[in-house]
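Here is the structure we will look at, set down as structure tokens.
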Amino acid sequence: MSAADEKRREARSYLIGYALALALTLPIFALVAWDLLPKVAIWWATGVAAIVQIVVHFRFFLHIRLKGQKQEDLHLILFTTLILLLMGGGTLWLLWNLHARMM
Amino acid sequence: MNTWSDVWGFPFGRLTWDALPVMDIFKADGRTELLSGITGTAAAGMAVLGFVLVVILITVKGWWRPLWSEWLTSVDHKKIGIMYIVFSFVMLARALAEAFVMRSQQVVGHDGGGIVMPEHFAQLFTTHGTIMIFFMAMPFLTGMINFAMPLQIGARDVAFPVLNSVSLMLTIAGGVILMVSLVLEPFSTGGWTGYPPYTELSYNPGAGPDYWIWAVTLSSVGSTFTGLNFAVTIYKKRCPGMTLMRMPLFTWTSLCTSILMIFAMPPLTIATALLALDRYMGFHFFTNGGGGNMMNYANLFWLFGHPEVYILILPAFGIWSEVFATFSGKTLYGYTALVIATMAIAVLSFTVWVHHFFTMGQSANLNAAFGIATMLIGVPTGVKIYDWMLTMYRGRVRISVPMLYAIAFLFLFTIGGLSGILLANPTIDYQTHNTLFLVAHFHNMLIPGLLYGMIAGYTMWFPKAFGFRLDERWGYRAAWCWIIGFMGAFFPLYVLGLMGMPRRMSGYFTGEWLPWTIIALGGAAVILAGFLSLIVQLWVSVRDRKRLAVPVGDPWDGRSLEWGLPAPAPEWNFPALPRVEGRDAFATLKASGRDLGPPEDGFEDIWLPKNAAFGPVIGALGTALAFTLTWHMWWAVLPLAALVPLVIIAQGFRRNTEKRIPAEEVRKEWRAFRELAARTPRVPRSSEYTRDNRGHAIPMAQEAAR
Amino acid sequence: MNQKTRHPGLNLGPKHQSADDQAETEVFGFWVFMMSDAILFGLLMATYVVMRPNTNGGPGPQELFELKSIFIETMLLLTSSVAIGFSHLALKHEPRPVKMVLWLLVAMALALGFVGFEVHDFLKMFSEGGTPQRSGFLSAFFALVPLHGLHVTFSCLWAVAILGQMLVYGLDDRVKLSMVRLAVLWHFLDIVWIGIFSIVYIGGLA
């Protein structure tokens, strides 16, 4: 692949990422701005959109792929995700549990 | 003028003469208060005296320039490792003395009174814990990894040498703050965990908790960088052929510890930072009112605190693995199982933090989940114990000094582990929570586990660092003192805990406890003798360094790469990056009669990082910021805080950060080393502890064949 | 060298061989640092979620947050992330650094606009009694969101320092490496912002 091709391909990657990020952000803001859904439904939609958007950023802006390159950064990110889930999830479980028992 | 002083804290903030411990003597009312003042003043006096003596010594000997240009600004991983260990020995001396005072107080404080007041006692257990964890254990193991790990993987230095120096200096900055708190009182009374409300503004508005916050913050930032540095070094700087599954086990445990540091230090940083926001700016994170939630502090602190105990123990497990293999003259049994067990412990350590506060009030189901996770950790740890025992099985075991510690470790650590499994059961924990049973348990893990491991590693690698062995006779004396002293000091605490004695008590009125506290005091005295033996050992060894010299660098018939280098190793470590063909890389080379050097035409120029003043400057800024923040000297805080980014930006403008070592010099040194090795007779293991041992070992395979 | 053996993500490619070799270690180290930072943000978010109901009788999210402002901030930061991406592409492929610097200035301007709007938000909250001393909820908010803002501000300061190095030394290996790390940081901060606007703002206003 020539350098010019690669450049074009990489530039396209950013633009695809930009478009996807917008597609995932704008509807969420619209939902809130015009109160289109009940509260809990908006929360779910936001959560899903946020996770997908984070993946989009990793894929199209930071160029982390599942295959075809060294795996170290991917492992690092996945391990961090695991630790974040353990710590964040544990914190919520514990403190909500305590909160409920003090009611 | 008055407002200038009030608002900006000019010149001394809230620091007054009352901060001097000697004022406690003047204001004393009653015998215990007087004794408490005298104890505090004596401690402060010793700190000042020690400092002055060191300054005089350095000045008289004219060591200031070499101290600066060869040590403080050095970015050589070996020197940084040595500085870490020197620092941790100094801190160990202080924290041991404090432990001894506390043991004494629990004897003489029976029926009230004693030699220290409750406030003073609270400062003692706070500084003892804070120092032992953050400023003794952490620097000790960091120093060990710094010294040995790059040598074991065939690297010239760590991945980020200047950052390494920054980490060291931040850790020392925290230690300096603790030392200053001895002279300008008070320190925190909230324990090493710094729980609110004890450390909140409304309960303790003084300088104590602020000292604690900044000292711990400095050290935790330093440790985060250390973890990052080591992990990247192990990932990216291994020599050709050194695949992950060929790394010595000490390197493996270093990797796991580094990963734990990277991910477990941030919760501590968060906990101390939020506590600081509460104290300095009136936030409501852990306050009683205003919508605060102090239970979140326990949560955040132990999110760090539990992985922390594995940060502490894993490097020691690595050292044990090296000790058992080397002094049994065998390859390590169950290498793969040990690697997997290490990784399992590292990951599981993030799933058990709630067991530190089973009694906080969460539901039984939640406690059960964390109790089960805790017991699970016993499984990989058990695997390790068996692997070590099987390494000894049918080996040619030499009861050397490190091996003596190792065997004591096997017995004592297993006892401590069993008491841990008991505590992992929430229902039992409810009975023993906050008693001396717990204190006995974690000392039982950390002294035979971590500290014995560190001393064993220190004994094993000392010749590699300085070119001579440590005197063995004093080594055995120290080891026996540590072993017997530990049992004397801490086994009674199990009994006391089961009798219901709470931890952190400065006085009590229960007569049945007294005999056990007396035994514990006796044990503490033996431990103190063990520490003094280590100091004497160092003194004797330096004095007799000719007799103990091992210039060829392989005094123990070692198995990993570092033993193939001269002792002390040159600044560039390896004359050429080695090529590794399997596990026990150096043992393999030795067996086939080769050394680590390249063929005659294989020498190349070596590039090494130049010295940098960046680390010491950041350390000095950190110390000054912590001190001025603690005493509310705002006029100094602001310019100092502004200097930090400026210094970092200035560092970014540095170029030409490397120096060249010409190939000719490397060749000459290595040739001299080869000649030295050729004319030094090889010794069998039976002469290990004689003056014949010049560091040129007969490989075990050949010795066994004879 | 084969692409597969190269470190992934943002790299400099074969045109910048010596810098790219160093990036193997340096950028991986920076990634590790970012991930450690991610734990900081993650825990602050968890703390925020836990303390969200503790308004202590003070103003809550509905009274204090303003959707329009958040929307503008989100767009500014997202676009700035794309701009830093183009700056990186220019560094990798262009012979001269003109385009790289221009895109970097665009990214900085957008990021500073983001910070400006954020400061405006905070001032407005203060004027409505939403100070961090008011309640546990506001304490948690002001520990999390301004920390992200500070990160963005310091990234801009770093960018200025890199431009300064370029003036002195030209586009040498150190500058290239710093640019790669800066781009990683920039994208990372945008990812953190996704978490913040979803959890704090959308979660609070829905």
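Note on naming: chains are A, B, ... as they come in the structure tokens, residues start from 1 per chain, ligands start from 1 in the order shown.
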
Would you give me, as CSV, each residue of region 335-379 of chain B having an atom within 12 Å of an atom of region 67-86 of chain A, along with its shortest atom pair and that distance in Å to one decimal, using only C-alpha atoms and sorting by chain and residue number?
```
residue,atom,partner,partner_atom,distance
B:Ala346,CA,A:Ile83,CA,11.3
B:Val347,CA,A:Ile83,CA,8.7
B:Leu348,CA,A:Leu86,CA,10.4
B:Ser349,CA,A:Ile83,CA,10.7
B:Phe350,CA,A:Leu86,CA,7.2
B:Thr351,CA,A:Leu86,CA,6.9
B:Val352,CA,A:Leu86,CA,10.2
B:Trp353,CA,A:Leu86,CA,10.7
```

Requested write-out: N, CA and C atoms of the selected residues, as a PDB file, in the first residue's frame:
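In the end it all went to result.pdb:
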```
ATOM      1  N   ALA B 346      -2.619 -12.057  41.930  1.00  0.00           N
ATOM      2  CA  ALA B 346      -2.680 -10.644  41.553  1.00  0.00           C
ATOM      3  C   ALA B 346      -4.100 -10.249  41.175  1.00  0.00           C
ATOM      4  N   VAL B 347      -4.778 -11.080  40.394  1.00  0.00           N
ATOM      5  CA  VAL B 347      -6.126 -10.704  39.970  1.00  0.00           C
ATOM      6  C   VAL B 347      -7.113 -10.829  41.134  1.00  0.00           C
ATOM      7  N   LEU B 348      -7.012 -11.949  41.883  1.00  0.00           N
ATOM      8  CA  LEU B 348      -7.936 -12.138  43.002  1.00  0.00           C
ATOM      9  C   LEU B 348      -7.810 -11.021  44.038  1.00  0.00           C
ATOM     10  N   SER B 349      -6.614 -10.447  44.137  1.00  0.00           N
ATOM     11  CA  SER B 349      -6.414  -9.442  45.177  1.00  0.00           C
ATOM     12  C   SER B 349      -7.329  -8.234  44.979  1.00  0.00           C
ATOM     13  N   PHE B 350      -7.885  -8.076  43.776  1.00  0.00           N
ATOM     14  CA  PHE B 350      -8.807  -6.959  43.561  1.00  0.00           C
ATOM     15  C   PHE B 350     -10.243  -7.296  43.953  1.00  0.00           C
ATOM     16  N   THR B 351     -10.472  -8.514  44.414  1.00  0.00           N
ATOM     17  CA  THR B 351     -11.860  -8.923  44.654  1.00  0.00           C
ATOM     18  C   THR B 351     -12.163  -9.175  46.132  1.00  0.00           C
ATOM     19  N   VAL B 352     -11.298  -8.730  47.038  1.00  0.00           N
ATOM     20  CA  VAL B 352     -11.475  -9.149  48.431  1.00  0.00           C
ATOM     21  C   VAL B 352     -11.461  -7.999  49.428  1.00  0.00           C
ATOM     22  N   TRP B 353     -11.455  -6.737  48.945  1.00  0.00           N
ATOM     23  CA  TRP B 353     -11.153  -5.653  49.869  1.00  0.00           C
ATOM     24  C   TRP B 353     -12.155  -5.496  51.014  1.00  0.00           C
TER      25      TRP B 353
END
```

What are the closest atom pairs, with distances in Å to one decimal, for each residue of chain B lying within 7 Å of chain A, using only C-alpha atoms, rows by chain and rising residue number, as a tab-separated table?
```
residue	atom	partner	partner_atom	distance
B:Asn299	CA	A:Thr91	CA	6.9
B:Thr351	CA	A:Leu86	CA	6.9
B:Gly361	CA	A:Leu98	CA	6.5
B:Gln362	CA	A:Leu98	CA	5.1
B:Ser363	CA	A:Asn97	CA	6.9
```

Take the residues from that selection and put them in a file with N, CA, C and O atoms, as a PDB file, in the first residue's frame.
```pdb
ATOM      1  N   ASN B 299     -14.088   2.089  51.906  1.00  0.00           N
ATOM      2  CA  ASN B 299     -14.147   1.417  50.613  1.00  0.00           C
ATOM      3  C   ASN B 299     -12.955   1.792  49.737  1.00  0.00           C
ATOM      4  O   ASN B 299     -12.227   0.935  49.246  1.00  0.00           O
ATOM      5  N   THR B 351     -10.472  -8.514  44.414  1.00  0.00           N
ATOM      6  CA  THR B 351     -11.860  -8.923  44.654  1.00  0.00           C
ATOM      7  C   THR B 351     -12.163  -9.175  46.132  1.00  0.00           C
ATOM      8  O   THR B 351     -13.174  -9.796  46.441  1.00  0.00           O
ATOM      9  N   GLY B 361     -21.488  -3.197  58.376  1.00  0.00           N
ATOM     10  CA  GLY B 361     -22.948  -3.203  58.375  1.00  0.00           C
ATOM     11  C   GLY B 361     -23.590  -3.629  57.074  1.00  0.00           C
ATOM     12  O   GLY B 361     -24.808  -3.628  56.954  1.00  0.00           O
ATOM     13  N   GLN B 362     -22.789  -4.018  56.085  1.00  0.00           N
ATOM     14  CA  GLN B 362     -23.396  -4.496  54.839  1.00  0.00           C
ATOM     15  C   GLN B 362     -24.015  -5.873  55.072  1.00  0.00           C
ATOM     16  O   GLN B 362     -23.779  -6.505  56.093  1.00  0.00           O
ATOM     17  N   SER B 363     -24.786  -6.339  54.078  1.00  0.00           N
ATOM     18  CA  SER B 363     -25.582  -7.547  54.300  1.00  0.00           C
ATOM     19  C   SER B 363     -24.703  -8.787  54.360  1.00  0.00           C
ATOM     20  O   SER B 363     -23.560  -8.794  53.899  1.00  0.00           O
TER      21      SER B 363
END
```

Worksheet entry | Expected answer as number ranges by chain: chain B residues within 6 Å of chain C, only C-alpha atoms | B: 232, 262-263, 266, 282-285, 290-292

Discussion item. Would you pick out the contacts of region 388-398 of chain B at 6 Å or less, using only C-alpha atoms, so that residues sharing its chain but fewer than 6 positions from it are not included, and give the list as a list of chain:residue names?
Written reply: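 The contact residues come out as B:Phe327, B:Ser328, B:Gly329, B:Lys330, B:Leu332, B:Tyr333.
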
What does the file look like for those residues with all heavy atoms, as a short mmCIF file (atom, residue, chain, number, x, y, z; two decimals), in the first residue's frame?
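Below you can see result-v9.cif, which holds the result:
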```cif
data_model
loop_
_atom_site.label_atom_id
_atom_site.label_comp_id
_atom_site.auth_asym_id
_atom_site.auth_seq_id
_atom_site.Cartn_x
_atom_site.Cartn_y
_atom_site.Cartn_z
N PHE B 327 19.77 -22.37 46.71
CA PHE B 327 20.41 -23.04 47.84
C PHE B 327 19.99 -24.50 47.97
O PHE B 327 20.38 -25.18 48.90
CB PHE B 327 20.17 -22.26 49.13
CG PHE B 327 20.88 -20.93 49.10
CD1 PHE B 327 20.19 -19.76 48.81
CD2 PHE B 327 22.25 -20.86 49.33
CE1 PHE B 327 20.85 -18.55 48.75
CE2 PHE B 327 22.91 -19.65 49.28
CZ PHE B 327 22.22 -18.49 48.99
N SER B 328 19.15 -24.98 47.02
CA SER B 328 18.93 -26.42 46.94
C SER B 328 19.71 -26.98 45.76
O SER B 328 19.65 -28.19 45.51
CB SER B 328 17.45 -26.73 46.75
OG SER B 328 16.70 -26.18 47.80
N GLY B 329 20.39 -26.11 45.02
CA GLY B 329 21.17 -26.56 43.87
C GLY B 329 20.32 -27.26 42.81
O GLY B 329 20.75 -28.20 42.17
N LYS B 330 19.09 -26.78 42.65
CA LYS B 330 18.16 -27.43 41.72
C LYS B 330 17.40 -26.36 40.97
O LYS B 330 17.27 -25.24 41.44
CB LYS B 330 17.12 -28.23 42.53
CG LYS B 330 17.35 -29.72 42.60
CD LYS B 330 16.27 -30.32 43.46
CE LYS B 330 14.96 -30.49 42.69
NZ LYS B 330 13.89 -30.95 43.55
N LEU B 332 13.94 -24.69 39.79
CA LEU B 332 12.71 -24.48 40.56
C LEU B 332 11.67 -25.52 40.19
O LEU B 332 11.46 -25.80 39.01
CB LEU B 332 12.20 -23.07 40.26
CG LEU B 332 11.14 -22.51 41.17
CD1 LEU B 332 11.67 -22.36 42.57
CD2 LEU B 332 10.70 -21.15 40.63
N TYR B 333 11.02 -26.10 41.19
CA TYR B 333 9.95 -27.06 40.91
C TYR B 333 8.67 -26.30 40.57
O TYR B 333 8.30 -25.36 41.26
CB TYR B 333 9.71 -27.97 42.12
CG TYR B 333 8.64 -28.99 41.88
CD1 TYR B 333 8.94 -30.21 41.32
CD2 TYR B 333 7.31 -28.70 42.18
CE1 TYR B 333 7.96 -31.14 41.07
CE2 TYR B 333 6.31 -29.63 41.92
CZ TYR B 333 6.65 -30.85 41.37
OH TYR B 333 5.66 -31.77 41.12
#
```

Item to complete: Using only C-alpha atoms, find the residues of chain C whose closest atom to chain A is at most 9 Å away, then write them as JSON, numbers by chain.
Response: {"C": [3, 4, 5, 6, 7, 8, 9, 10, 28, 31, 32, 35, 36, 38, 39, 42, 43, 45, 46, 47, 49, 50, 67, 68, 71, 74, 75, 78, 79, 81, 82, 85, 86, 89, 90, 92, 93, 183, 184, 187, 188, 190, 191, 192, 194, 195, 198, 199, 202, 203, 205, 206]}

Worksheet, complete the sentence: For Ser533 (chain B), the closest of B:Asp6, B:Glu472, B:Asp557, B:Glu562 counting only C-alpha atoms is B:Glu472

Practice prompt. Would you mind reading off the distance between CA of Leu404 (chain B) and CA of Ile483 (chain B), one decimal, in Å?
Written response: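 Taking CA of Leu404 (chain B) as the start and CA of Ile483 (chain B) as the end point, the length is 9.4 Å.
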
Worksheet entry | Residue nearest Thr32 (chain B) among B:Val116, B:Gln106, B:Arg660, B:Met46 (counting only C-alpha atoms) |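 When distances to Thr32 (chain B) are compared using only C-alpha atoms, the smallest one comes from B:Val116.
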
Worksheet item: Can you tell me how far CA of Gly129 (chain B) sits from CA of Trp192 (chain B), in Å to one decimal?
Response: 5.1 Å

Item to complete: With a distance cut-off of 8 Å and only C-alpha atoms, select the neighbouring residues of region 520-527 of chain B, excluding the residue or stretch itself and same-chain residues fewer than 4 positions from it, and output the selection as a PyMOL selection string.
Response: chain B and resi 99-100+103-104+107+481-482+484-493+516+531

Worksheet item: Near Tyr405 (chain B), within 7 Å and counting only C-alpha atoms, which residues show up once chain neighbours fewer than 6 positions away are dropped, as a list in words?
Response: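 Residues meeting the cut-off are Tyr452, Ala456 and Ala479 of chain B.
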
Worksheet entry | Gly45 (chain B) environment, 12 Å, only C-alpha atoms, sequence neighbours closer than 3 positions dropped, as a PyMOL selection string | chain B and resi 20-22+37-42+48-53+179-180+182-184

Residues as selected, C-alpha atoms, written as a PDB file, in the first residue's frame, can you do that?
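The result, stored in again-v8.pdb:
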```pdb
ATOM      1  CA  LEU B  20       8.302  21.375  69.696  1.00  0.00           C
ATOM      2  CA  PRO B  21       8.031  18.189  71.756  1.00  0.00           C
ATOM      3  CA  VAL B  22      10.078  19.755  74.546  1.00  0.00           C
ATOM      4  CA  GLY B  37       7.070  14.545  76.946  1.00  0.00           C
ATOM      5  CA  ILE B  38      10.479  13.093  77.683  1.00  0.00           C
ATOM      6  CA  THR B  39       9.902  10.167  75.303  1.00  0.00           C
ATOM      7  CA  GLY B  40       8.837  12.514  72.528  1.00  0.00           C
ATOM      8  CA  THR B  41      11.720  14.884  73.144  1.00  0.00           C
ATOM      9  CA  ALA B  42      14.216  12.037  73.192  1.00  0.00           C
ATOM     10  CA  VAL B  48      18.102  15.812  65.025  1.00  0.00           C
ATOM     11  CA  LEU B  49      21.295  14.305  66.405  1.00  0.00           C
ATOM     12  CA  GLY B  50      21.364  11.656  63.705  1.00  0.00           C
ATOM     13  CA  PHE B  51      20.837  14.278  61.024  1.00  0.00           C
ATOM     14  CA  VAL B  52      23.594  16.522  62.424  1.00  0.00           C
ATOM     15  CA  LEU B  53      26.019  13.610  62.733  1.00  0.00           C
ATOM     16  CA  MET B 179      10.906  12.664  60.124  1.00  0.00           C
ATOM     17  CA  VAL B 180      10.047  16.361  60.345  1.00  0.00           C
ATOM     18  CA  LEU B 182       8.965  13.943  64.878  1.00  0.00           C
ATOM     19  CA  VAL B 183      10.524  17.342  65.573  1.00  0.00           C
ATOM     20  CA  LEU B 184       7.527  19.553  64.792  1.00  0.00           C
TER      21      LEU B 184
END
```

Practice prompt. Going by DSSP on the backbone, which bits of region 3-199 of chain C are alpha helix (DSSP H)? Write them as a count of residues only, please.
Written response: 154
